[in-house]
Amino acid sequence: MSVDAEPPPLVPGDENTLSGNAIPGSHDSRAQPIVSSPILSTHQHNVFMQSDPTVHEAEDLRAATAAVRRYIEAAPEVALILGSGLGRLAEAARDTTTVPATAIPGYPESTVEGHNGRLVFGVLEETRVVFVQGRVHLYEGYPVQQITMPVRLVHALGARQMLVTNSAGGINRAFRPGALMFITSHLNMAFASPGMGAGRPAAPAEAGDASFYDLDWTQRAEQAAQARGLDAHRGTYAWTLGPSYETKAEVRALDRLGADAVGMSTVPEVVQAQRLGMPVLGLSTITNPAAGLAAGGLDHDEVLEVSARVRDDLMTLVRDIVQAAHA
């Protein structure tokens, strides 16, 4: 790992504890990153809380939306924040326009080498979509309010629904590598929320999990997965801070808390979308058992093989999900 500014030891290490999808060069939720993080010095005073409520006060969404609208003519309907391996799906869209993150004021830039952020606008399954590429993770040093700025931006541009995918380590023993998990609830084990400092109260408690994940949309997506013969389940996703993988003890604790899968992304975007009133569909690809749930250590070649094996099916299902967004 090449690191210019080493992040603080937020998660203790452990021997033989790899539980995630450590695809070399990946920027997805289970990737072991190659990070250069000058952001840490910028937010030194609150990096351990991973929160900076002043981001909301300083943010200028009008300038950001104006910058993007110089490139596009039509507003998007559905936003897609896709994990590694699904980048080619943007190439399948027609009438595409790409807006680099560097052209958008206030847009967080990924510190993972080789993964520059950008928005790709186009039409997929006769639906106007925007792909948010170059996902930024909390472990990169940005406060949680800043890494969710892309969600606020695409909402301001017109997107009213959001599909988010990730790769995850499986905790539920019934989930085999290659299985898909529709997220119906989550555990925020990073204890960070983009709502801090937003000047708006939290969602009412009685709203429950349905306020985070659209159950009707999920049910339609499940029907599409079943029609294609895919191994799909429902489950709870646990978000951990990273960049260290979970220890065996942490996986046991998450299991007892009700988690079915674990990763380092997704929840911040979902929480932000919920605050904006956006229906969300969440989908995890189970690439490997979490630490301590399988004999031997993590084999990167096996993880790569699983990812490659499910990629085409997953891309087809994502198209079905977009088509089902307005059903």
# chains A, B, ... in the order shown; residues from 1 in each chain; ligands from 1
call {"tool": "closest_atom_pairs", "arguments": {"of": "region 182-250 of chain A", "to": "region 273-283 of chain A", "cutoff": "9 Å", "atoms": "only C-alpha atoms", "output": "JSON lines"}}
result
{"residue": "A:Phe182", "atom": "CA", "partner": "A:Leu283", "partner_atom": "CA", "distance": 4.7}
{"residue": "A:Ile183", "atom": "CA", "partner": "A:Gly282", "partner_atom": "CA", "distance": 5.0}
{"residue": "A:Thr184", "atom": "CA", "partner": "A:Gly282", "partner_atom": "CA", "distance": 7.6}
{"residue": "A:Gly195", "atom": "CA", "partner": "A:Arg275", "partner_atom": "CA", "distance": 7.6}
{"residue": "A:Arg200", "atom": "CA", "partner": "A:Arg275", "partner_atom": "CA", "distance": 8.6}
{"residue": "A:Ala202", "atom": "CA", "partner": "A:Arg275", "partner_atom": "CA", "distance": 7.7}
{"residue": "A:Ala203", "atom": "CA", "partner": "A:Arg275", "partner_atom": "CA", "distance": 7.2}
{"residue": "A:Ser211", "atom": "CA", "partner": "A:Gln274", "partner_atom": "CA", "distance": 6.6}
{"residue": "A:Phe212", "atom": "CA", "partner": "A:Gln274", "partner_atom": "CA", "distance": 5.5}
{"residue": "A:Tyr213", "atom": "CA", "partner": "A:Val280", "partner_atom": "CA", "distance": 5.0}
{"residue": "A:Asp214", "atom": "CA", "partner": "A:Pro279", "partner_atom": "CA", "distance": 5.4}
{"residue": "A:Leu215", "atom": "CA", "partner": "A:Leu281", "partner_atom": "CA", "distance": 8.1}
{"residue": "A:Trp217", "atom": "CA", "partner": "A:Leu281", "partner_atom": "CA", "distance": 6.8}
{"residue": "A:Thr218", "atom": "CA", "partner": "A:Leu281", "partner_atom": "CA", "distance": 6.1}
{"residue": "A:Ala221", "atom": "CA", "partner": "A:Leu281", "partner_atom": "CA", "distance": 8.8}
call {"tool": "write_last_selection", "arguments": {"atoms": "C-alpha atoms", "output": "mmCIF file, in the first residue's frame"}}
result
data_model
loop_
_atom_site.group_PDB
_atom_site.id
_atom_site.type_symbol
_atom_site.label_atom_id
_atom_site.label_comp_id
_atom_site.auth_asym_id
_atom_site.auth_seq_id
_atom_site.Cartn_x
_atom_site.Cartn_y
_atom_site.Cartn_z
ATOM 1 C CA PHE A 182 -31.626 -7.168 -1.617
ATOM 2 C CA ILE A 183 -31.011 -4.837 1.320
ATOM 3 C CA THR A 184 -34.096 -4.375 3.472
ATOM 4 C CA GLY A 195 -27.856 14.464 8.647
ATOM 5 C CA ARG A 200 -33.543 19.105 9.670
ATOM 6 C CA ALA A 202 -34.394 12.900 11.721
ATOM 7 C CA ALA A 203 -37.099 10.774 10.166
ATOM 8 C CA SER A 211 -38.373 4.666 4.922
ATOM 9 C CA PHE A 212 -34.825 3.680 3.865
ATOM 10 C CA TYR A 213 -35.506 0.902 1.333
ATOM 11 C CA ASP A 214 -38.492 0.905 -1.010
ATOM 12 C CA LEU A 215 -40.177 -2.439 -0.432
ATOM 13 C CA TRP A 217 -39.522 -1.586 -5.808
ATOM 14 C CA THR A 218 -37.556 -4.332 -4.063
ATOM 15 C CA ALA A 221 -36.766 -6.494 -8.488
#
call {"tool": "select_by_dssp", "arguments": {"residues": "region 212-321 of chain A", "states": "strand (DSSP E or B)", "output": "VMD selection string"}}
result
chain A and resid 232 to 239 261 to 263 280 to 289
call {"tool": "select_by_dssp", "arguments": {"residues": "region 69-273 of chain A", "states": "helix (DSSP H, G or I)", "output": "VMD selection string"}}
result
chain A and resid 69 88 to 92 101 to 103 138 to 140 144 to 147 149 to 156 205 to 207 209 to 211 215 to 227 248 to 257 267 to 273
call {"tool": "atom_distance", "arguments": {"atom1": "CA of Asp320 (chain A)", "atom2": "CA of Asn116 (chain A)"}}
result
27.5 Å
call {"tool": "atom_distance", "arguments": {"atom1": "CA of Ala58 (chain A)", "atom2": "CA of Thr97 (chain A)"}}
result
28.1 Å
call {"tool": "residues_around", "arguments": {"residues": "Ala324 (chain A)", "least_positions_apart": "6", "cutoff": "12 Å", "atoms": "only C-alpha atoms", "output": "list in words"}}
result
Val78, Leu124, Glu125, Glu126, Thr127, Gln161, Leu163, Asp216, Trp217, Thr218, Gln219, Arg220, Ala221, Glu222, Gln223, Ala224, Ala225, Leu281, Leu317 and Val318 of chain A
call {"tool": "residues_around", "arguments": {"residues": "region 306-313 of chain A", "least_positions_apart": "6", "cutoff": "12 Å", "atoms": "only C-alpha atoms", "output": "PyMOL selection string"}}
result
chain A and resi 21-23+26+28+30+82-89+166-168+176-180+224-232+284-289+299-300+319-320
call {"tool": "write_last_selection", "arguments": {"atoms": "C-alpha atoms", "output": "CSV table (one decimal), in the first residue's frame"}}
result
chain,number,residue,atom,x,y,z
A,21,ASN,CA,-13.7,-8.5,-1.4
A,22,ALA,CA,-10.1,-7.3,-1.7
A,23,ILE,CA,-10.1,-7.0,-5.5
A,26,SER,CA,-11.0,-1.9,-6.9
A,28,ASP,CA,-15.8,-0.8,-4.2
A,30,ARG,CA,-14.8,-4.3,0.1
A,82,LEU,CA,-22.8,1.1,-8.7
A,83,GLY,CA,-20.0,-1.0,-7.2
A,84,SER,CA,-16.9,-2.3,-9.0
A,85,GLY,CA,-17.4,-4.5,-12.1
A,86,LEU,CA,-20.5,-2.6,-13.2
A,87,GLY,CA,-18.8,0.3,-14.8
A,88,ARG,CA,-19.5,-1.1,-18.2
A,89,LEU,CA,-23.2,-0.7,-17.7
A,166,ASN,CA,-21.9,-3.0,-3.5
A,167,SER,CA,-19.8,-6.1,-3.0
A,168,ALA,CA,-20.0,-7.6,0.5
A,176,ARG,CA,-23.2,-18.6,-0.9
A,177,PRO,CA,-20.5,-16.7,-2.9
A,178,GLY,CA,-22.2,-15.3,-6.0
A,179,ALA,CA,-25.6,-14.8,-4.2
A,180,LEU,CA,-27.4,-11.5,-4.4
A,224,ALA,CA,-37.2,-10.1,-12.0
A,225,ALA,CA,-34.3,-12.0,-10.3
A,226,GLN,CA,-36.5,-15.1,-9.8
A,227,ALA,CA,-37.6,-15.0,-13.4
A,228,ARG,CA,-34.0,-15.1,-14.4
A,229,GLY,CA,-33.2,-18.0,-12.0
A,230,LEU,CA,-30.8,-15.9,-9.9
A,231,ASP,CA,-29.8,-16.8,-6.3
A,232,ALA,CA,-31.3,-13.8,-4.5
A,284,SER,CA,-25.3,-6.5,-2.5
A,285,THR,CA,-23.2,-9.2,-4.3
A,286,ILE,CA,-21.9,-11.7,-1.8
A,287,THR,CA,-18.4,-12.4,-3.0
A,288,ASN,CA,-17.0,-14.5,-0.1
A,289,PRO,CA,-17.8,-15.6,3.5
A,299,ASP,CA,-8.3,-16.2,-1.9
A,300,HIS,CA,-8.2,-13.2,-4.2
A,319,ARG,CA,-31.4,-3.1,-16.2
A,320,ASP,CA,-34.5,-4.9,-15.0
call {"tool": "atom_distance", "arguments": {"atom1": "CA of Val271 (chain A)", "atom2": "CA of Ala74 (chain A)"}}
result
26.2 Å
call {"tool": "residues_around", "arguments": {"residues": "Ala190 (chain A)", "least_positions_apart": "4", "cutoff": "12 Å", "atoms": "only C-alpha atoms", "output": "PDB file with C-alpha atoms, in the first residue's frame"}}
result
ATOM      1  CA  LEU A  10      -9.754   3.230  13.443  1.00  0.00           C
ATOM      2  CA  VAL A  11     -10.237  -0.555  13.479  1.00  0.00           C
ATOM      3  CA  PHE A  48     -12.011  10.707  14.482  1.00  0.00           C
ATOM      4  CA  MET A  49     -15.702  11.604  14.506  1.00  0.00           C
ATOM      5  CA  GLN A  50     -15.755  11.442  10.687  1.00  0.00           C
ATOM      6  CA  SER A  51     -18.177  14.342  10.754  1.00  0.00           C
ATOM      7  CA  HIS A 137     -15.639   6.065   1.141  1.00  0.00           C
ATOM      8  CA  LEU A 138     -15.571   7.432   4.664  1.00  0.00           C
ATOM      9  CA  TYR A 139     -12.172   5.833   5.318  1.00  0.00           C
ATOM     10  CA  PRO A 143     -16.443  13.842   6.613  1.00  0.00           C
ATOM     11  CA  VAL A 144     -19.640  11.904   6.033  1.00  0.00           C
ATOM     12  CA  HIS A 186     -28.935  -1.863   7.685  1.00  0.00           C
ATOM     13  CA  PRO A 194     -24.887  12.978   6.816  1.00  0.00           C
ATOM     14  CA  ALA A 238     -23.763  -3.810   8.121  1.00  0.00           C
ATOM     15  CA  TRP A 239     -21.688  -0.734   7.320  1.00  0.00           C
ATOM     16  CA  THR A 240     -18.253  -0.654   8.948  1.00  0.00           C
ATOM     17  CA  LEU A 241     -15.775   2.194   8.721  1.00  0.00           C
ATOM     18  CA  GLY A 242     -12.706   0.452   7.292  1.00  0.00           C
ATOM     19  CA  PRO A 243     -10.235   0.524   5.727  1.00  0.00           C
ATOM     20  CA  VAL A 262     -20.910  -6.528   5.736  1.00  0.00           C
ATOM     21  CA  GLY A 263     -19.144  -3.835   3.728  1.00  0.00           C
ATOM     22  CA  MET A 264     -17.671  -0.327   3.828  1.00  0.00           C
ATOM     23  CA  SER A 265     -20.125   1.711   1.745  1.00  0.00           C
ATOM     24  CA  THR A 266     -23.771   2.276   0.792  1.00  0.00           C
ATOM     25  CA  VAL A 267     -25.329   3.317   4.112  1.00  0.00           C
ATOM     26  CA  PRO A 268     -24.237   6.997   3.942  1.00  0.00           C
TER      27      PRO A 268
END
call {"tool": "closest_residue", "arguments": {"among": "A:Ser110, A:Thr96, A:Ser185, A:Gln146", "to": "Leu61 (chain A)", "atoms": "only C-alpha atoms"}}
result
A:Gln146
